[in-house]
Amino acid sequence: MSRKFLENESPGWVADGLISEAQQQQLLARYPPEAQALGLLPLLGSVLVGLSALSVVAANWQALPAALRLALLLGSLLGSYGAGAYFLRRGNADLGHGLMGLGLIVFGASIILVSQLYQLVGYDVSGLLAWVVAGTALSYVYGSRLLVLLTVLIGATVQTYCVEVLGSFSYATAGLVAVGLGYYWWRRPAVVSSSVLAIGLLWQAGLLVIVLHAKITWFFVPAMAIYAAGDWQASRPGARALQAPPLVAAYLFMFGLATFGETDTYANVLRPPLLPYLGALGTVFALSVAGKRVRGRMNTLLDWLLLLPGFYLPGGLPLAVATLVVLYAHAGSVLARAHRNQDSDQLTLGAVLFVVATAVAYFKLTWAFLDKSLFFLLGGVLLLSLSWYLRRRNAQALAATPPPAESAAAKDTSEPTRNS
């Protein structure tokens, strides 16, 4: 929670009777405006000092004796970890976790520099794999979002190196990121960590598809497995944060298919064998449905509309119509769910998706037989009208929802009547 969020929202909480003015002041006092700056200044200062020392050493690295190079690497590593532990004990979590992250980066650099120093030629990823192990272990020990972010980035870097340089996929690296950090996410489903982990896993899945030379639509089997894992998570915010990146990827794919799927030229890269693909995707779908049923989230089942395999249809008009129907159905499902839950953010998202689907339909179906000036004029009027209508519906839905204080007052007044 940030100071700015409290300053914007707490007056409304007081007006609704959720908290008193004294409690509002206590909350604001808990998050002083200068706290964030004071936490960042030492971190930025230490980074600048470290970069200064690093530039001096890098400029004279080749001229230094081997023993001195090892001593510098070891001293930097121990110094970073030691200083991080010291500041964590003093209660300065921001600076402590920053120094721990610096130590993790120095550890990876040391692996690379030592191998160069002693001319160690590696044809596998075992050395860099230790870097991922260290990051995963530090994430568990200190519970830091920064360390989780660094570990995900390290895992993506190591995997990219394996694919681009070694021409192979490191299943051990992918397993450490998926299982090691996946269990961390399961126990601590913070929103930022969930999104970062999902993006990192999607990167790993994309590299696997590249290495296997598979149809690119196989990417959505592991991607939706990530989505299904979110269905089993008890924390709703953490679950949605994990599910957002796979849904964005699926939506962009469907949008691209609606926009560019003109001919059958895409068949060679999009159409895997039908039965194996549908079997794998159906298995993930069953896991997702089971999780939604257990957690009471069946109202999100229509997210799977984006995974309908329309790319098996012939190109041209059939594919365009099918994908547009899917885009409209998905936008409608988001709007319907938002109206039921009175969620203003989801209402806005649903409105944007509906306008995007309309724009795609208009461009795809009218470009060929309308004059260009008339085409743009009608399209602009249509989109402005849709935007006005959806905003009006959004405002009406929110205005129809009684404030929490009024709902509580109505409940309190009806109770004595029922008792009498």
# chains A, B, ... in the order shown; residues from 1 in each chain; ligands from 1
$ select_by_dssp --residues "segment 200-375 of chain A" --states "helix (DSSP H, G or I)" --output "ChimeraX atom specification"
/A:200-212,216-232,236-260,264-270,274-295,298-307,310-312,317-341,344-366,372-375
$ residues_around --residues "Ser139 of chain A" --least-positions-apart "6" --cutoff "9 Å" --atoms "only C-alpha atoms" --output "ChimeraX atom specification"
/A:145-148,151,181,184
$ write_last_selection --atoms "C-alpha atoms" --output "PDB file, in the first residue's frame"
ATOM      1  CA  ARG A 145      10.211  -9.532  -4.521  1.00  0.00           C
ATOM      2  CA  LEU A 146      13.452  -8.070  -5.865  1.00  0.00           C
ATOM      3  CA  LEU A 147      15.214 -11.415  -5.518  1.00  0.00           C
ATOM      4  CA  VAL A 148      12.292 -13.191  -7.188  1.00  0.00           C
ATOM      5  CA  THR A 151      15.916 -15.001 -10.309  1.00  0.00           C
ATOM      6  CA  LEU A 181       9.637 -20.243  -7.718  1.00  0.00           C
ATOM      7  CA  TYR A 184       7.309 -19.781  -3.579  1.00  0.00           C
TER       8      TYR A 184
END
$ residues_around --residues "segment 327-334 of chain A" --least-positions-apart "2" --cutoff "7 Å" --atoms "only C-alpha atoms" --output "list in words"
Leu302, Asp303, Leu305, Thr323, Leu324, Val325, Ala336, Arg337, Ala338, Gln346, Gly350, Leu353, Phe354 and Ala357 of chain A
$ residues_around --residues "Val211 of chain A" --least-positions-apart "3" --cutoff "12 Å" --atoms "only C-alpha atoms" --output "ChimeraX atom specification"
/A:159-160,162-171,204-208,214-216,219
$ residues_around --residues "Ser194 of chain A" --least-positions-apart "6" --cutoff "7 Å" --atoms "only C-alpha atoms" --output "PyMOL selection string"
chain A and resi 185+238+241-242
$ atom_distance --atom1 "atom CA of Leu104 of chain A" --atom2 "atom CA of Ile226 of chain A"
26.8 Å
$ closest_residue --among "A:Val356, A:Gly84, A:Leu99, A:Tyr362" --to "Phe255 of chain A" --atoms "only C-alpha atoms"
A:Val356
$ closest_residue --among "A:Ile210, A:Ala320, A:Ala229, A:Ala66" --to "Ala258 of chain A" --atoms "only C-alpha atoms"
A:Ala320
$ residues_around --residues "Val196 of chain A" --least-positions-apart "2" --cutoff "9 Å" --atoms "only C-alpha atoms" --output "PDB file with C-alpha atoms, in the first residue's frame"
ATOM      1  CA  VAL A 148      12.292 -13.191  -7.188  1.00  0.00           C
ATOM      2  CA  LEU A 149      12.466 -10.739 -10.085  1.00  0.00           C
ATOM      3  CA  VAL A 152      13.267 -15.012 -13.039  1.00  0.00           C
ATOM      4  CA  LEU A 153      15.471 -12.757 -15.188  1.00  0.00           C
ATOM      5  CA  VAL A 191       0.695  -9.523  -7.220  1.00  0.00           C
ATOM      6  CA  VAL A 192       4.030  -8.278  -8.586  1.00  0.00           C
ATOM      7  CA  SER A 193       5.815 -11.595  -8.033  1.00  0.00           C
ATOM      8  CA  SER A 194       2.930 -13.464  -9.681  1.00  0.00           C
ATOM      9  CA  ALA A 198       4.124 -15.780 -15.276  1.00  0.00           C
ATOM     10  CA  ILE A 199       6.066 -13.702 -17.810  1.00  0.00           C
ATOM     11  CA  GLY A 200       9.261 -15.614 -17.055  1.00  0.00           C
ATOM     12  CA  LEU A 201       7.522 -18.968 -17.504  1.00  0.00           C
ATOM     13  CA  ALA A 241      -1.930 -11.579 -11.580  1.00  0.00           C
ATOM     14  CA  LEU A 242      -0.566 -14.990 -12.622  1.00  0.00           C
TER      15      LEU A 242
END
$ atom_distance --atom1 "atom CA of Tyr142 of chain A" --atom2 "atom CA of His97 of chain A"
7.8 Å
$ atom_distance --atom1 "atom CA of Val106 of chain A" --atom2 "atom CA of Ala134 of chain A"
11.6 Å
$ residues_around --residues "segment 287-300 of chain A" --least-positions-apart "2" --cutoff "8 Å" --atoms "only C-alpha atoms" --output "ChimeraX atom specification"
/A:225,227-229,231-234,283-285,302-303,337
$ closest_residue --among "A:Ser195, A:Thr348, A:Pro222, A:Arg30" --to "Ala244 of chain A" --atoms "only C-alpha atoms"
A:Ser195
$ closest_residue --among "A:Leu88, A:Ala174, A:Leu270, A:Leu70" --to "Ser115 of chain A" --atoms "only C-alpha atoms"
A:Leu70
$ closest_residue --among "A:Met254, A:Ala190, A:Ala130, A:Tyr118" --to "Ala67 of chain A" --atoms "only C-alpha atoms"
A:Tyr118
